[in-house]
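Reproduced below: entry-v4.cif, with mmCIF, C-alpha atoms.
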```
data_model
#
loop_
_atom_site.label_atom_id
_atom_site.label_comp_id
_atom_site.auth_asym_id
_atom_site.auth_seq_id
_atom_site.Cartn_x
_atom_site.Cartn_y
_atom_site.Cartn_z
CA MET Y 1 0.00 0.00 0.00
CA THR Y 2 1.30 3.45 -0.88
CA ALA Y 3 -0.08 6.78 0.22
CA SER Y 4 1.44 9.46 -1.97
CA VAL Y 5 2.21 13.13 -1.61
CA ALA Y 6 -0.05 15.35 -3.75
CA THR Y 7 -0.20 14.74 -7.49
CA ARG Y 8 3.03 15.39 -9.33
CA PRO Y 9 2.71 18.13 -11.96
CA THR Y 10 4.73 18.61 -15.16
CA SER Y 11 7.69 16.33 -15.52
CA VAL Y 12 11.12 16.69 -17.07
CA ASP Y 13 13.83 14.28 -18.14
CA PRO Y 14 16.06 14.33 -15.01
CA ARG Y 15 19.13 14.54 -17.22
CA ALA Y 16 18.02 17.91 -18.63
CA PRO Y 17 18.55 19.95 -15.43
CA ARG Y 18 21.88 18.17 -14.83
CA PHE Y 19 22.99 19.01 -18.37
CA GLY Y 20 22.09 22.65 -17.71
CA ALA Y 21 23.83 22.58 -14.32
CA ALA Y 22 27.02 21.33 -16.00
CA ILE Y 23 27.06 24.29 -18.41
CA THR Y 24 26.22 26.66 -15.55
CA ALA Y 25 29.02 25.22 -13.38
CA VAL Y 26 31.62 25.77 -16.12
CA VAL Y 27 30.44 29.33 -16.78
CA LEU Y 28 30.46 30.12 -13.04
CA LEU Y 29 33.97 28.75 -12.71
CA VAL Y 30 35.12 31.01 -15.55
CA ASP Y 31 33.42 33.85 -13.71
CA VAL Y 32 35.32 33.07 -10.49
CA PHE Y 33 38.56 33.04 -12.47
CA LEU Y 34 37.82 36.41 -14.10
CA GLY Y 35 36.75 38.00 -10.82
CA VAL Y 36 39.77 36.87 -8.84
CA ALA Y 37 42.18 37.59 -11.71
CA GLY Y 38 41.07 41.21 -11.71
CA ALA Y 39 38.87 41.27 -14.82
CA THR Y 40 36.15 42.86 -12.70
CA VAL Y 41 33.92 44.18 -15.46
CA ALA Y 42 33.97 40.89 -17.35
CA ALA Y 43 33.16 38.98 -14.15
CA VAL Y 44 30.21 41.22 -13.32
CA VAL Y 45 28.84 41.10 -16.87
CA LEU Y 46 29.15 37.31 -16.99
CA LEU Y 47 27.49 37.00 -13.58
CA ALA Y 48 24.66 39.22 -14.82
CA ALA Y 49 24.18 36.83 -17.74
CA VAL Y 50 24.11 33.80 -15.42
CA THR Y 51 21.66 35.64 -13.14
CA ALA Y 52 19.39 36.34 -16.09
CA LEU Y 53 19.47 32.66 -17.09
CA PHE Y 54 18.67 31.57 -13.52
CA GLY Y 55 15.80 34.05 -13.53
CA TRP Y 56 14.56 32.62 -16.81
CA GLY Y 57 14.52 29.12 -15.35
CA ALA Y 58 12.97 30.26 -12.08
CA PHE Y 59 10.18 32.42 -13.47
CA ALA Y 60 9.44 30.88 -16.87
CA GLY Y 61 9.93 27.33 -15.58
CA ILE Y 62 12.79 24.91 -16.11
CA ARG Y 63 11.18 23.49 -19.24
CA ARG Y 64 11.49 26.84 -21.04
CA HIS Y 65 15.12 27.38 -20.02
CA PRO Y 66 17.47 27.74 -23.04
CA TYR Y 67 19.68 24.90 -21.75
CA GLY Y 68 16.59 22.70 -21.57
CA VAL Y 69 15.82 23.56 -25.20
CA LEU Y 70 19.45 22.76 -26.12
CA PHE Y 71 19.12 19.44 -24.31
CA ARG Y 72 15.92 18.45 -26.07
CA ARG Y 73 17.17 19.59 -29.49
CA PHE Y 74 20.73 18.21 -29.49
CA VAL Y 75 21.36 15.86 -26.56
CA ARG Y 76 18.23 13.87 -25.88
CA PRO Y 77 17.92 12.49 -29.44
CA ARG Y 78 21.32 10.82 -28.90
CA LEU Y 79 20.35 9.23 -25.58
CA ALA Y 80 18.13 6.35 -24.59
CA PRO Y 81 14.73 7.38 -23.21
CA PRO Y 82 14.87 8.32 -19.52
CA ALA Y 83 14.24 5.55 -16.99
CA GLU Y 84 11.91 7.88 -15.13
CA LEU Y 85 10.74 11.48 -15.31
CA GLU Y 86 11.03 13.92 -12.44
CA ASP Y 87 8.83 16.71 -11.22
CA ALA Y 88 9.77 20.08 -12.77
CA ALA Y 89 9.06 21.91 -9.50
CA ALA Y 90 12.34 20.99 -7.77
CA PRO Y 91 14.73 22.01 -10.57
CA THR Y 92 12.68 25.18 -11.05
CA PHE Y 93 13.08 25.96 -7.35
CA ALA Y 94 16.82 25.27 -7.68
CA GLN Y 95 16.93 27.94 -10.41
CA LEU Y 96 15.32 30.34 -7.97
CA VAL Y 97 17.97 29.55 -5.34
CA GLY Y 98 20.68 30.19 -7.94
CA PHE Y 99 18.95 33.41 -8.95
CA VAL Y 100 18.83 34.70 -5.37
CA VAL Y 101 22.52 33.89 -4.75
CA THR Y 102 23.74 35.48 -7.97
CA VAL Y 103 21.47 38.53 -7.77
CA VAL Y 104 22.76 39.27 -4.26
CA GLY Y 105 26.35 38.93 -5.52
CA LEU Y 106 25.55 41.18 -8.45
CA VAL Y 107 23.94 43.90 -6.32
CA VAL Y 108 26.78 43.90 -3.78
CA ALA Y 109 29.37 43.93 -6.56
CA LEU Y 110 27.67 46.85 -8.29
CA SER Y 111 27.51 48.77 -5.02
CA GLY Y 112 31.28 48.82 -4.83
CA VAL Y 113 32.48 45.43 -3.58
CA PRO Y 114 33.69 43.76 -6.80
CA LEU Y 115 34.85 40.63 -4.96
CA ALA Y 116 31.19 39.81 -4.28
CA ALA Y 117 30.82 38.68 -7.91
CA PRO Y 118 33.36 35.81 -7.76
CA ILE Y 119 32.21 34.88 -4.23
CA ALA Y 120 28.59 34.53 -5.32
CA ALA Y 121 29.75 32.71 -8.45
CA GLY Y 122 31.80 30.34 -6.28
CA VAL Y 123 28.85 29.52 -4.02
CA ALA Y 124 26.56 28.95 -7.00
CA PHE Y 125 29.30 26.88 -8.67
CA VAL Y 126 29.44 24.42 -5.76
CA ALA Y 127 25.67 23.88 -5.96
CA ALA Y 128 25.66 23.52 -9.75
CA PHE Y 129 28.68 21.19 -9.68
CA LEU Y 130 27.13 18.93 -7.02
CA ASN Y 131 23.94 18.81 -9.06
CA ALA Y 132 25.68 18.06 -12.35
CA VAL Y 133 28.25 15.53 -11.12
CA PHE Y 134 26.60 13.90 -8.10
CA ASP Y 135 22.90 14.46 -8.76
CA PHE Y 136 22.70 16.25 -5.41
CA CYS Y 137 19.80 18.68 -5.11
CA LEU Y 138 20.80 21.54 -2.82
CA GLY Y 139 17.54 23.37 -3.47
CA CYS Y 140 15.63 20.36 -2.11
CA GLU Y 141 17.47 20.49 1.22
CA LEU Y 142 17.13 24.28 1.39
CA TYR Y 143 13.41 23.91 0.82
CA LEU Y 144 13.20 21.53 3.79
CA LEU Y 145 15.14 23.99 5.96
CA LEU Y 146 12.80 26.82 4.93
CA VAL Y 147 9.84 24.61 5.83
CA ARG Y 148 11.37 23.87 9.22
CA ALA Y 149 12.10 27.56 9.78
CA GLY Y 150 8.38 28.17 9.31
CA LEU Y 151 8.85 30.20 6.12
CA LEU Y 152 7.16 27.65 3.86
CA GLY Y 153 4.49 25.04 4.37
CA ARG Y 154 1.77 24.83 6.99
CA ARG Y 155 2.51 24.45 10.68
CA ARG Y 156 0.41 21.81 12.38
CA MET T 1 46.62 37.48 -9.89
CA VAL T 2 46.12 34.94 -12.64
CA VAL T 3 47.99 32.33 -10.59
CA ILE T 4 45.86 33.04 -7.53
CA ALA T 5 42.71 32.86 -9.66
CA ALA T 6 43.78 29.49 -11.04
CA LEU T 7 44.45 28.24 -7.51
CA VAL T 8 41.04 29.46 -6.31
CA VAL T 9 39.35 27.69 -9.22
CA ALA T 10 41.25 24.46 -8.50
CA ALA T 11 40.43 24.68 -4.79
CA LEU T 12 36.73 25.18 -5.54
CA VAL T 13 36.61 22.10 -7.77
CA LEU T 14 38.48 20.10 -5.13
CA VAL T 15 36.22 21.21 -2.26
CA ALA T 16 33.05 20.57 -4.27
CA SER T 17 34.33 17.11 -5.27
CA VAL T 18 35.13 16.19 -1.66
CA LEU T 19 31.68 17.40 -0.55
CA GLY T 20 30.05 15.37 -3.29
CA LEU T 21 32.00 12.21 -2.45
CA LEU T 22 31.17 12.61 1.25
CA TRP T 23 27.51 12.98 0.40
CA ARG T 24 27.60 9.98 -1.94
CA THR T 25 29.15 7.70 0.69
CA THR T 26 26.65 8.65 3.39
CA THR T 27 23.42 8.85 1.40
CA GLY T 28 21.06 5.89 1.17
CA ARG T 29 22.69 4.03 4.04
CA ALA T 30 20.73 2.67 6.97
CA ARG T 31 21.31 3.45 10.63
CA ARG T 32 19.82 1.07 13.15
CA VAL T 33 18.29 3.04 15.99
CA ARG T 34 15.84 2.53 18.80
CA GLY T 35 13.73 5.63 18.56
CA PRO T 36 10.35 6.79 19.79
CA VAL T 37 7.01 5.24 18.88
CA VAL T 38 5.10 6.81 16.00
CA ARG T 39 1.34 6.66 16.31
CA PRO T 40 -0.98 6.63 13.26
CA GLU T 41 -2.57 9.93 14.38
CA ASP T 42 0.87 11.60 14.20
CA LEU T 43 0.71 10.94 10.46
CA GLY T 44 -2.97 11.61 9.94
CA THR T 45 -3.61 7.98 9.06
CA ASP T 46 -5.75 5.20 10.50
CA ALA T 47 -3.26 2.42 10.98
CA LEU T 48 0.36 1.44 10.53
CA GLY T 49 1.57 -1.77 8.95
CA ALA T 50 0.73 -4.89 10.97
CA ARG T 51 4.36 -6.03 10.88
CA ALA T 52 6.34 -2.99 9.72
CA THR T 53 5.93 0.45 8.20
CA LEU T 54 8.20 2.27 5.78
CA LEU T 55 7.56 5.88 6.73
CA GLN T 56 8.87 8.18 4.00
CA LEU T 57 9.28 11.83 4.94
CA SER T 58 9.14 13.96 1.79
CA THR T 59 8.50 17.48 0.58
CA PRO T 60 6.98 18.58 -2.71
CA MET T 61 10.41 19.99 -3.67
CA CYS T 62 12.41 16.79 -3.77
CA THR T 63 13.77 15.11 -6.87
CA GLN T 64 14.58 11.82 -5.14
CA CYS T 65 11.23 11.43 -3.36
CA PRO T 66 9.13 10.00 -6.23
CA PRO T 67 11.67 7.27 -7.15
CA THR T 68 12.06 6.51 -3.43
CA ALA T 69 8.28 6.18 -3.13
CA ARG T 70 8.27 3.69 -6.00
CA LEU T 71 11.08 1.66 -4.41
CA LEU T 72 9.49 1.62 -0.94
CA GLY T 73 6.07 0.83 -2.39
CA ALA T 74 7.48 -2.10 -4.34
CA GLU T 75 9.39 -3.50 -1.35
CA ALA T 76 6.32 -3.13 0.89
CA ALA T 77 4.13 -4.89 -1.69
CA LEU T 78 6.46 -7.91 -1.60
CA ARG T 79 5.96 -8.43 2.12
CA PRO T 80 2.55 -9.04 3.74
CA GLY T 81 1.88 -6.73 6.69
CA VAL T 82 4.34 -4.11 5.51
CA VAL T 83 2.97 -0.70 4.55
CA HIS T 84 4.61 2.25 2.82
CA LEU T 85 3.42 5.67 4.01
CA GLU T 86 4.64 8.93 2.51
CA VAL T 87 4.19 12.12 4.53
CA ASP T 88 4.62 15.66 3.20
CA LEU T 89 6.71 17.46 5.82
CA SER T 90 5.55 20.84 4.56
CA GLU T 91 2.13 19.85 5.92
CA ARG T 92 3.49 18.27 9.11
CA ILE T 93 6.37 20.43 10.23
CA ALA T 94 6.20 19.03 13.75
CA LEU T 95 7.34 15.66 12.41
CA ALA T 96 10.37 17.27 10.77
CA ASP T 97 11.31 18.87 14.07
CA ARG T 98 10.64 15.75 16.10
CA PHE T 99 12.88 13.58 13.96
CA GLN T 100 15.35 16.35 13.13
CA VAL T 101 15.02 15.74 9.43
CA LEU T 102 17.71 17.55 7.45
CA GLN T 103 17.44 15.57 4.25
CA THR T 104 14.64 14.52 1.93
CA PRO T 105 13.65 11.84 1.55
CA THR T 106 14.29 10.40 4.98
CA THR T 107 12.84 6.94 5.54
CA LEU T 108 12.02 5.66 9.01
CA LEU T 109 11.63 1.92 9.48
CA LEU T 110 8.93 1.27 12.06
CA ASP T 111 8.32 -2.09 13.69
CA ALA T 112 4.90 -3.60 14.43
CA ASP T 113 4.52 -1.32 17.47
CA GLY T 114 5.36 1.78 15.42
CA ARG T 115 8.74 2.14 17.09
CA VAL T 116 11.50 3.66 14.96
CA ARG T 117 14.09 0.93 14.42
CA GLY T 118 16.00 2.23 11.44
CA ARG T 119 16.61 5.38 9.49
CA ILE T 120 17.78 5.94 5.92
CA GLY T 121 18.72 9.44 4.74
CA GLY T 122 18.38 10.03 1.00
CA ARG T 123 17.26 7.63 -1.70
CA PRO T 124 17.73 4.17 -0.15
CA ARG T 125 20.02 1.66 -1.81
CA PRO T 126 17.67 -1.17 -2.80
CA GLU T 127 19.83 -3.94 -1.30
CA THR T 128 20.26 -1.98 1.95
CA LEU T 129 16.53 -1.41 2.23
CA ALA T 130 15.67 -5.08 1.58
CA ARG T 131 18.26 -6.27 4.10
CA GLU T 132 17.19 -3.88 6.86
CA LEU T 133 13.51 -4.56 6.30
CA ASP T 134 13.97 -8.34 6.41
CA LEU T 135 16.08 -8.01 9.55
CA LEU T 136 13.34 -5.95 11.17
CA LEU T 137 10.71 -8.52 10.27
CA GLU T 138 12.84 -11.32 11.73
CA SER T 139 13.38 -9.53 15.06
CA PRO T 140 9.99 -8.03 15.89
CA ALA T 141 10.70 -6.78 19.39
#
```

Same coordinates, now as C-alpha cells:
Amino acid sequence: MTASVATRPTSVDPRAPRFGAAITAVVLLVDVFLGVAGATVAAVVLLAAVTALFGWGAFAGIRRHPYGVLFRRFVRPRLAPPAELEDAAAPTFAQLVGFVVTVVGLVVALSGVPLAAPIAAGVAFVAAFLNAVFDFCLGCELYLLLVRAGLLGRRR
Amino acid sequence: MVVIAALVVAALVLVASVLGLLWRTTTGRARRVRGPVVRPEDLGTDALGARATLLQLSTPMCTQCPPTARLLGAEAALRPGVVHLEVDLSERIALADRFQVLQTPTTLLLDADGRVRGRIGGRPRPETLARELDLLLESPA
C-alpha cells in the first residue's frame, strides 16, 4: 500500500537539469577566475548573464530554459529514453535559489564590492557542480530547511 | 593574480568534489536506531503496517522522493503486513522537528509497534533497504 504526496505536476527528463547545471558550473567557474584575476567588469557582466538565465529558469519554468531547449534539441535524441521522469518543481526551485545567490552577488558587486561577484559565483558553482556531477539537489534540502524555519508550508 | 585565480578555481573544484563524495558515501545508508514510537494519528492515518511500516518523509520539492516512493512501495508490496506511508513534511512540520530531518527523503523503518528501528537518509540503496527490512521482520521486538 502506498499513500502518496499530492499529485506530481509537469515532468522533465532528469538529465536535462543536470545538463544545464554542468554548463552553468563551467560558466560560473570562468566567472570566479575572471573575478579573482582582476577582470572585474567581465566577471560582473558574466554573472549578470548567469543571473538572467537563472531568472529565466525560475520564473518561466525549467522546461522553457534555453539549456533545456538545447538538451531536447541536441542531446536527448542521442540518448536512450529516460528511466523515469522527475517533477519540474524541484529544478525550477533550484533555479530560484541560484537566482537569489547570484542577484545578491551582483547587487553587492555593483555597489562597490567587486569581490562579491566571484564569491557569489563560487557559491553557486558548488551547488551547480554537485547537481551536475553527483545528482545532489541543494535546493531540495534548502526547501526543507525553509519549511522547518516556518517560512514555507503549513505548521500543524 | 592569474595564478591566484587558477588556484582558487582548483580549490573550488576540489572542495566541491570532496563534498560530493562525502555525500555519496553517506546517502542511502541505513542506521539502526531505537527511537520513539510513531502513532498513526501523528501521520494523519488510520493504521500502521501490521508487521512494519516504511515511513517516508518527503517534501513537494524533492527530486529523489518519487523514485524513493516507488522503491518503498514495491518493497512493501512484496511483504505481507508491511505498509509504505509517505508524509509531506511541509504539511506536518512538527514531524520534521521531532525527527530532526535535514534531508529529503528520509525513511524511518517502524516495527509492528510503530517504534523507529532504522533510518535511511536520502534515496535508499535497494539492497540496503531489503536487508534492513527483512532483519526488522525477523526480530519483531

Residues of chain T at most 6 Å from chain Y: nearest atom pair and distance in Å, all atoms listed in the file, as a tab-separated table:
```
residue	atom	partner	partner_atom	distance
T:Met1	CA	Y:Ala37	CA	4.8
T:Val2	CA	Y:Ala37	CA	4.8
T:Ala5	CA	Y:Phe33	CA	5.0
T:Ala16	CA	Y:Val126	CA	5.5
T:Gly20	CA	Y:Leu130	CA	5.9
T:Met61	CA	Y:Ala90	CA	4.6
T:Cys62	CA	Y:Cys140	CA	5.1
T:Gly73	CA	Y:Thr2	CA	5.6
T:Val83	CA	Y:Met1	CA	5.5
T:His84	CA	Y:Thr2	CA	5.1
T:Leu85	CA	Y:Ala3	CA	5.3
T:Glu86	CA	Y:Ser4	CA	5.5
T:Asp88	CA	Y:Val5	CA	5.9
T:Ser90	CA	Y:Gly153	CA	4.3
T:Glu91	CA	Y:Arg154	CA	5.1
T:Arg92	CA	Y:Arg156	CA	5.7
T:Ile93	CA	Y:Arg155	CA	5.6
T:Gln103	CA	Y:Glu141	CA	5.8
```

Selection as a VMD selection string: residues within 12 Å of (16.9, 36.3, -17.9), counting all atoms listed in the file: chain Y and resid 47 to 61 64 to 66 95 to 96 99 103

Two-atom distance - CA of Thr26 in chain T, CA of Pro105 in chain T (Å):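 Interatomic distance here is 13.5 Å.
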
Residue contacts of range 38-43 of chain T (12 Å, all atoms listed in the file) excluding same-chain residues fewer than 6 positions away, as an MDAnalysis selection string: (chainID Y and resid 3 156) or (chainID T and resid 49:50 52:57 85:89 91:96 98:99 108:117)

Go ahead and write the residues just picked, C-alpha atoms, as a short mmCIF file (atom, residue, chain, number, x, y, z; two decimals), in the frame of the given file.
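The new file again01.cif reads:
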```cif
data_model
loop_
_atom_site.label_atom_id
_atom_site.label_comp_id
_atom_site.auth_asym_id
_atom_site.auth_seq_id
_atom_site.Cartn_x
_atom_site.Cartn_y
_atom_site.Cartn_z
CA ALA Y 3 -0.08 6.78 0.22
CA ARG Y 156 0.41 21.81 12.38
CA GLY T 49 1.57 -1.77 8.95
CA ALA T 50 0.73 -4.89 10.97
CA ALA T 52 6.34 -2.99 9.72
CA THR T 53 5.93 0.45 8.20
CA LEU T 54 8.20 2.27 5.78
CA LEU T 55 7.56 5.88 6.73
CA GLN T 56 8.87 8.18 4.00
CA LEU T 57 9.28 11.83 4.94
CA LEU T 85 3.42 5.67 4.01
CA GLU T 86 4.64 8.93 2.51
CA VAL T 87 4.19 12.12 4.53
CA ASP T 88 4.62 15.66 3.20
CA LEU T 89 6.71 17.46 5.82
CA GLU T 91 2.13 19.85 5.92
CA ARG T 92 3.49 18.27 9.11
CA ILE T 93 6.37 20.43 10.23
CA ALA T 94 6.20 19.03 13.75
CA LEU T 95 7.34 15.66 12.41
CA ALA T 96 10.37 17.27 10.77
CA ARG T 98 10.64 15.75 16.10
CA PHE T 99 12.88 13.58 13.96
CA LEU T 108 12.02 5.66 9.01
CA LEU T 109 11.63 1.92 9.48
CA LEU T 110 8.93 1.27 12.06
CA ASP T 111 8.32 -2.09 13.69
CA ALA T 112 4.90 -3.60 14.43
CA ASP T 113 4.52 -1.32 17.47
CA GLY T 114 5.36 1.78 15.42
CA ARG T 115 8.74 2.14 17.09
CA VAL T 116 11.50 3.66 14.96
CA ARG T 117 14.09 0.93 14.42
#
```

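The closest residue to Gly81 in chain T, picked from T:Ala130, T:Leu48, T:Val3, T:Leu19 and counting only C-alpha atoms, is T:Leu48.
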
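Comparing Y:Val45, Y:Ala80, Y:Val69, Y:Ile62 by their smallest distance to Ala121 in chain Y, the closest is Y:Val45 (using all atoms listed in the file).
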
Centre and edge lengths, as lines of an AutoDock Vina configuration file, for the axis-aligned box enclosing every listed atom of range 101-106 of chain Y with 6 Å of padding on each of the six sides, in Å to one decimal?
```
center_x = 23.9
center_y = 37.5
center_z = -6.4
size_x = 16.9
size_y = 19.3
size_z = 16.2
```

Residue among T:Thr106, T:Ser139, T:Gln64, T:Thr45 lying closest to Ala30 in chain T, counting only C-alpha atoms: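 Selected residue with least distance to Ala30 in chain T: T:Thr106.
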
Write range 106-117 of chain T as an mmCIF file, keeping the file's coordinate frame, completed to N, CA, C and O atoms.
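Dumped everything to rebuild24.cif:
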```cif
data_model
loop_
_atom_site.group_PDB
_atom_site.id
_atom_site.type_symbol
_atom_site.label_atom_id
_atom_site.label_comp_id
_atom_site.auth_asym_id
_atom_site.auth_seq_id
_atom_site.Cartn_x
_atom_site.Cartn_y
_atom_site.Cartn_z
ATOM 1 N N THR T 106 13.770 11.187 3.874
ATOM 2 C CA THR T 106 14.290 10.400 4.980
ATOM 3 C C THR T 106 13.264 9.297 5.238
ATOM 4 O O THR T 106 12.065 9.560 5.298
ATOM 5 N N THR T 107 13.741 8.073 5.324
ATOM 6 C CA THR T 107 12.840 6.940 5.540
ATOM 7 C C THR T 107 13.054 6.390 6.937
ATOM 8 O O THR T 107 14.184 6.094 7.324
ATOM 9 N N LEU T 108 11.962 6.275 7.686
ATOM 10 C CA LEU T 108 12.020 5.660 9.010
ATOM 11 C C LEU T 108 11.427 4.257 8.908
ATOM 12 O O LEU T 108 10.356 4.072 8.327
ATOM 13 N N LEU T 109 12.138 3.290 9.443
ATOM 14 C CA LEU T 109 11.630 1.920 9.480
ATOM 15 C C LEU T 109 10.985 1.694 10.836
ATOM 16 O O LEU T 109 11.655 1.750 11.863
ATOM 17 N N LEU T 110 9.671 1.463 10.810
ATOM 18 C CA LEU T 110 8.930 1.270 12.060
ATOM 19 C C LEU T 110 8.601 -0.203 12.216
ATOM 20 O O LEU T 110 8.243 -0.878 11.244
ATOM 21 N N ASP T 111 8.693 -0.692 13.456
ATOM 22 C CA ASP T 111 8.320 -2.090 13.690
ATOM 23 C C ASP T 111 6.805 -2.185 13.913
ATOM 24 O O ASP T 111 6.071 -1.206 13.751
ATOM 25 N N ALA T 112 6.345 -3.371 14.298
ATOM 26 C CA ALA T 112 4.900 -3.600 14.430
ATOM 27 C C ALA T 112 4.261 -2.665 15.449
ATOM 28 O O ALA T 112 3.082 -2.324 15.349
ATOM 29 N N ASP T 113 5.048 -2.227 16.454
ATOM 30 C CA ASP T 113 4.520 -1.320 17.470
ATOM 31 C C ASP T 113 4.605 0.145 17.035
ATOM 32 O O ASP T 113 4.216 1.039 17.792
ATOM 33 N N GLY T 114 5.191 0.407 15.868
ATOM 34 C CA GLY T 114 5.360 1.780 15.420
ATOM 35 C C GLY T 114 6.652 2.406 15.925
ATOM 36 O O GLY T 114 6.878 3.608 15.737
ATOM 37 N N ARG T 115 7.485 1.590 16.587
ATOM 38 C CA ARG T 115 8.740 2.140 17.090
ATOM 39 C C ARG T 115 9.758 2.290 15.970
ATOM 40 O O ARG T 115 9.873 1.428 15.098
ATOM 41 N N VAL T 116 10.484 3.424 15.981
ATOM 42 C CA VAL T 116 11.500 3.660 14.960
ATOM 43 C C VAL T 116 12.687 2.751 15.222
ATOM 44 O O VAL T 116 13.308 2.802 16.288
ATOM 45 N N ARG T 117 13.001 1.893 14.249
ATOM 46 C CA ARG T 117 14.090 0.930 14.420
ATOM 47 C C ARG T 117 15.236 1.178 13.453
ATOM 48 O O ARG T 117 16.323 0.635 13.612
#
```
